[in-house]
Structure formats: C-alpha cells, structure tokens
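model-v3.cif, holding mmCIF, C-alpha atoms:
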```cif
data_model
loop_
_atom_site.group_PDB
_atom_site.id
_atom_site.type_symbol
_atom_site.label_atom_id
_atom_site.label_comp_id
_atom_site.auth_asym_id
_atom_site.auth_seq_id
_atom_site.Cartn_x
_atom_site.Cartn_y
_atom_site.Cartn_z
ATOM 1 C CA MET A 12 2.222 28.115 -28.693
ATOM 2 C CA SER A 13 -1.398 27.746 -29.737
ATOM 3 C CA GLY A 14 -4.264 29.545 -28.041
ATOM 4 C CA ASN A 15 -5.450 26.453 -26.157
ATOM 5 C CA GLU A 16 -1.955 25.708 -24.849
ATOM 6 C CA PHE A 17 -1.540 29.287 -23.689
ATOM 7 C CA VAL A 18 -4.885 29.213 -21.839
ATOM 8 C CA SER A 19 -3.944 25.887 -20.194
ATOM 9 C CA VAL A 20 -0.575 27.192 -19.026
ATOM 10 C CA ALA A 21 -2.099 30.448 -17.785
ATOM 11 C CA CYS A 22 -4.798 28.582 -15.827
ATOM 12 C CA GLY A 23 -2.139 26.302 -14.333
ATOM 13 C CA LEU A 24 -0.099 29.293 -13.191
ATOM 14 C CA VAL A 25 -3.165 30.913 -11.626
ATOM 15 C CA VAL A 26 -3.966 27.713 -9.720
ATOM 16 C CA LEU A 27 -0.360 27.406 -8.492
ATOM 17 C CA ALA A 28 -0.332 31.021 -7.373
ATOM 18 C CA SER A 29 -3.605 30.516 -5.494
ATOM 19 C CA ILE A 30 -2.284 27.418 -3.724
ATOM 20 C CA ALA A 31 0.953 29.197 -2.813
ATOM 21 C CA GLY A 32 -1.050 32.105 -1.415
ATOM 22 C CA LEU A 33 -3.085 29.761 0.769
ATOM 23 C CA ILE A 34 0.015 28.003 2.053
ATOM 24 C CA PHE A 35 1.819 31.195 2.960
ATOM 25 C CA THR A 36 -1.189 32.761 4.703
ATOM 26 C CA PHE A 37 -2.301 29.621 6.596
ATOM 27 C CA ASP A 38 -2.298 30.176 10.356
ATOM 28 C CA ALA A 39 -2.235 26.745 12.001
ATOM 29 C CA GLU A 40 -2.819 27.981 15.548
ATOM 30 C CA THR A 41 -5.965 29.849 14.513
ATOM 31 C CA TRP A 42 -7.245 26.833 12.568
ATOM 32 C CA ILE A 43 -6.728 24.539 15.547
ATOM 33 C CA THR A 44 -8.206 26.771 18.249
ATOM 34 C CA LYS A 45 -11.127 28.277 16.309
ATOM 35 C CA ASP A 46 -14.357 28.065 18.359
ATOM 36 C CA LEU A 47 -12.627 26.117 21.157
ATOM 37 C CA LYS A 48 -12.153 27.132 24.772
ATOM 38 C CA ARG A 49 -9.293 26.689 27.175
ATOM 39 C CA GLY A 50 -8.887 23.037 28.153
ATOM 40 C CA ASP A 51 -10.576 21.587 25.062
ATOM 41 C CA LEU A 52 -7.309 20.566 23.407
ATOM 42 C CA HIS A 53 -5.989 19.022 26.633
ATOM 43 C CA ALA A 54 -9.184 16.975 26.847
ATOM 44 C CA LEU A 55 -8.731 15.993 23.197
ATOM 45 C CA ILE A 56 -5.219 14.771 24.034
ATOM 46 C CA ASP A 57 -6.658 12.565 26.797
ATOM 47 C CA VAL A 58 -9.264 11.142 24.435
ATOM 48 C CA ALA A 59 -6.792 10.619 21.573
ATOM 49 C CA SER A 60 -4.294 8.852 23.813
ATOM 50 C CA GLY A 61 -6.977 6.524 25.128
ATOM 51 C CA LEU A 62 -6.318 7.495 28.738
ATOM 52 C CA ARG A 63 -9.804 8.902 29.284
ATOM 53 C CA PRO A 64 -12.253 8.081 26.463
ATOM 54 C CA ASP A 65 -15.024 9.407 28.674
ATOM 55 C CA GLY A 66 -12.996 12.457 29.720
ATOM 56 C CA LEU A 67 -14.996 15.133 27.932
ATOM 57 C CA ARG A 68 -17.569 17.353 29.528
ATOM 58 C CA ARG A 69 -20.753 17.853 27.555
ATOM 59 C CA ASP A 70 -19.793 21.365 26.401
ATOM 60 C CA GLN A 71 -16.289 20.248 25.385
ATOM 61 C CA ALA A 72 -17.712 17.305 23.490
ATOM 62 C CA SER A 73 -20.158 19.489 21.584
ATOM 63 C CA ARG A 74 -17.459 22.002 20.587
ATOM 64 C CA LEU A 75 -14.983 19.313 19.523
ATOM 65 C CA ALA A 76 -17.673 17.337 17.691
ATOM 66 C CA ALA A 77 -18.835 20.484 15.892
ATOM 67 C CA ARG A 78 -15.266 20.926 14.635
ATOM 68 C CA GLY A 79 -15.159 17.236 13.612
ATOM 69 C CA MET A 80 -12.361 16.389 16.045
ATOM 70 C CA VAL A 81 -14.206 13.702 18.060
ATOM 71 C CA ARG A 82 -17.016 11.227 17.546
ATOM 72 C CA VAL A 83 -19.293 9.577 20.082
ATOM 73 C CA TYR A 84 -18.579 5.903 20.493
ATOM 74 C CA GLY A 85 -20.697 3.702 22.716
ATOM 75 C CA SER A 86 -22.324 5.207 25.754
ATOM 76 C CA GLY A 87 -20.558 8.445 26.600
ATOM 77 C CA ASN A 88 -17.166 7.478 25.206
ATOM 78 C CA TYR A 89 -15.426 9.479 22.532
ATOM 79 C CA ARG A 90 -12.787 8.798 19.926
ATOM 80 C CA ALA A 91 -10.564 11.340 18.277
ATOM 81 C CA THR A 92 -11.127 11.543 14.540
ATOM 82 C CA LEU A 93 -8.368 11.827 11.966
ATOM 83 C CA LYS A 94 -8.947 15.580 11.884
ATOM 84 C CA GLY A 95 -8.530 15.767 15.667
ATOM 85 C CA ARG A 96 -5.304 13.770 15.563
ATOM 86 C CA VAL A 97 -3.952 15.921 12.718
ATOM 87 C CA ALA A 98 -4.809 19.052 14.704
ATOM 88 C CA LEU A 99 -2.833 17.741 17.679
ATOM 89 C CA ARG A 100 0.174 16.903 15.479
ATOM 90 C CA VAL A 101 0.090 20.318 13.815
ATOM 91 C CA ARG A 102 -0.180 21.977 17.229
ATOM 92 C CA GLN A 103 2.828 19.998 18.441
ATOM 93 C CA ALA A 104 4.835 20.963 15.351
ATOM 94 C CA VAL A 105 3.916 24.637 15.707
ATOM 95 C CA ARG A 106 4.938 24.655 19.364
ATOM 96 C CA GLN A 107 8.264 22.986 18.568
ATOM 97 C CA THR A 108 9.028 25.560 15.883
ATOM 98 C CA VAL A 109 8.097 28.478 18.106
ATOM 99 C CA HIS A 110 10.058 27.261 21.138
ATOM 100 C CA SER A 111 13.218 26.216 19.301
#
```

Would you write out, as structure tokens, the structure that this file holds?
Amino acid sequence: MSGNEFVSVACGLVVLASIAGLIFTFDAETWITKDLKRGDLHALIDVASGLRPDGLRRDQASRLAARGMVRVYGSGNYRATLKGRVALRVRQAVRQTVHS
C-alpha cells in the first residue's frame, strides 16, 4: 500500500469513527426539547396537523421559530417546517421505543 492510499484509508476510518460516535451519543429527546417550554410541542402538533394554524401564542411562536420548527404564513398563521415535522416523528419514535 502506497503512502497516499494509507493516508486515504486512515482518514476514511477516522471519519467513520467520528460519525459512529455522533450516532451513539445522539440524544433525540434533548435535541427536540432544547430551549422549548411545556406545551410548545403540543402546539406544534396542532399547527403541523392543520387543526389550528393560528394556535400558537407569541412566545411559543418565537421559541419554535428560533429553532426553525415553524414559519409565519399569512397574517398570524404558522406552518410547521420540515425540521418541525421531523422533530415530531423522532419524538413519536422515541416514545414508542421507551413505552414498548
């Protein structure tokens, strides 16, 4: 194996080890609830389902928008972003794993 091949393989192994370390130490519940307060995720569910697009209080909207989970649409209506929908799916999966 030449020097360049060895360096390439070694760098690849380091990258794989780093990715594996991130996967094994990822805490989904902490990622989802960071900087949010009680009731914010329930309000996000209402917005994402379309039941209450105007169902966010101003403080909830600012926290969820700061996390990139909702966007303002129209006058006072909100839409869940892809990140918000992914967070709800991950939360659902975590709860199913914990309770089963």

Pick out the closest residue to Tyr84 in chain A from this set: A:Glu16, A:Ala54, A:Pro64, A:Leu99. Count all atoms listed in the file. A:Pro64

Counting all atoms listed in the file, write as a PyMOL selection string all protein and nucleic acid residues lying at most 9 Å from (-9.2, 16.3, 13.8) in the file's frame. chain A and resi 43+75+78-81+91-99

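Residues matching the PyMOL selection byres ((chain A and resi 58) around 10) in this structure come to Leu52, His53, Ala54, Leu55, Ile56, Asp57, Ala59, Ser60, Gly61, Leu62, Arg63, Pro64, Asp65, Gly66, Leu67, Val81, Asn88, Tyr89, Arg90, Ala91 and Gly95 of chain A.
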
Within 10 Å of (-15.2, 28.4, 20.3) (coordinates as in the file), grab all the protein and nucleic acid residues, counting all atoms listed in the file, and write them out as number ranges by chain. A: 44-49, 51, 71, 74-75, 77-78

Let me make sure I understand: among A:Glu40, A:Arg82, A:Ser29, A:Gly23, which one has the smallest atom-to-atom distance to Arg100 in chain A if we use all atoms listed in the file?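 The closest residue to Arg100 in chain A is A:Glu40.
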
Can you work out the spacing between CA of Leu24 in chain A and CA of Ala39 in chain A in Å, to one decimal? 25.4 Å

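In this structure, CA of Thr41 in chain A sits 16.3 Å away from CA of Gln107 in chain A.
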
CA of Ser13 in chain A to CA of Val26 in chain A: how many Å, to one decimal? 20.2 Å
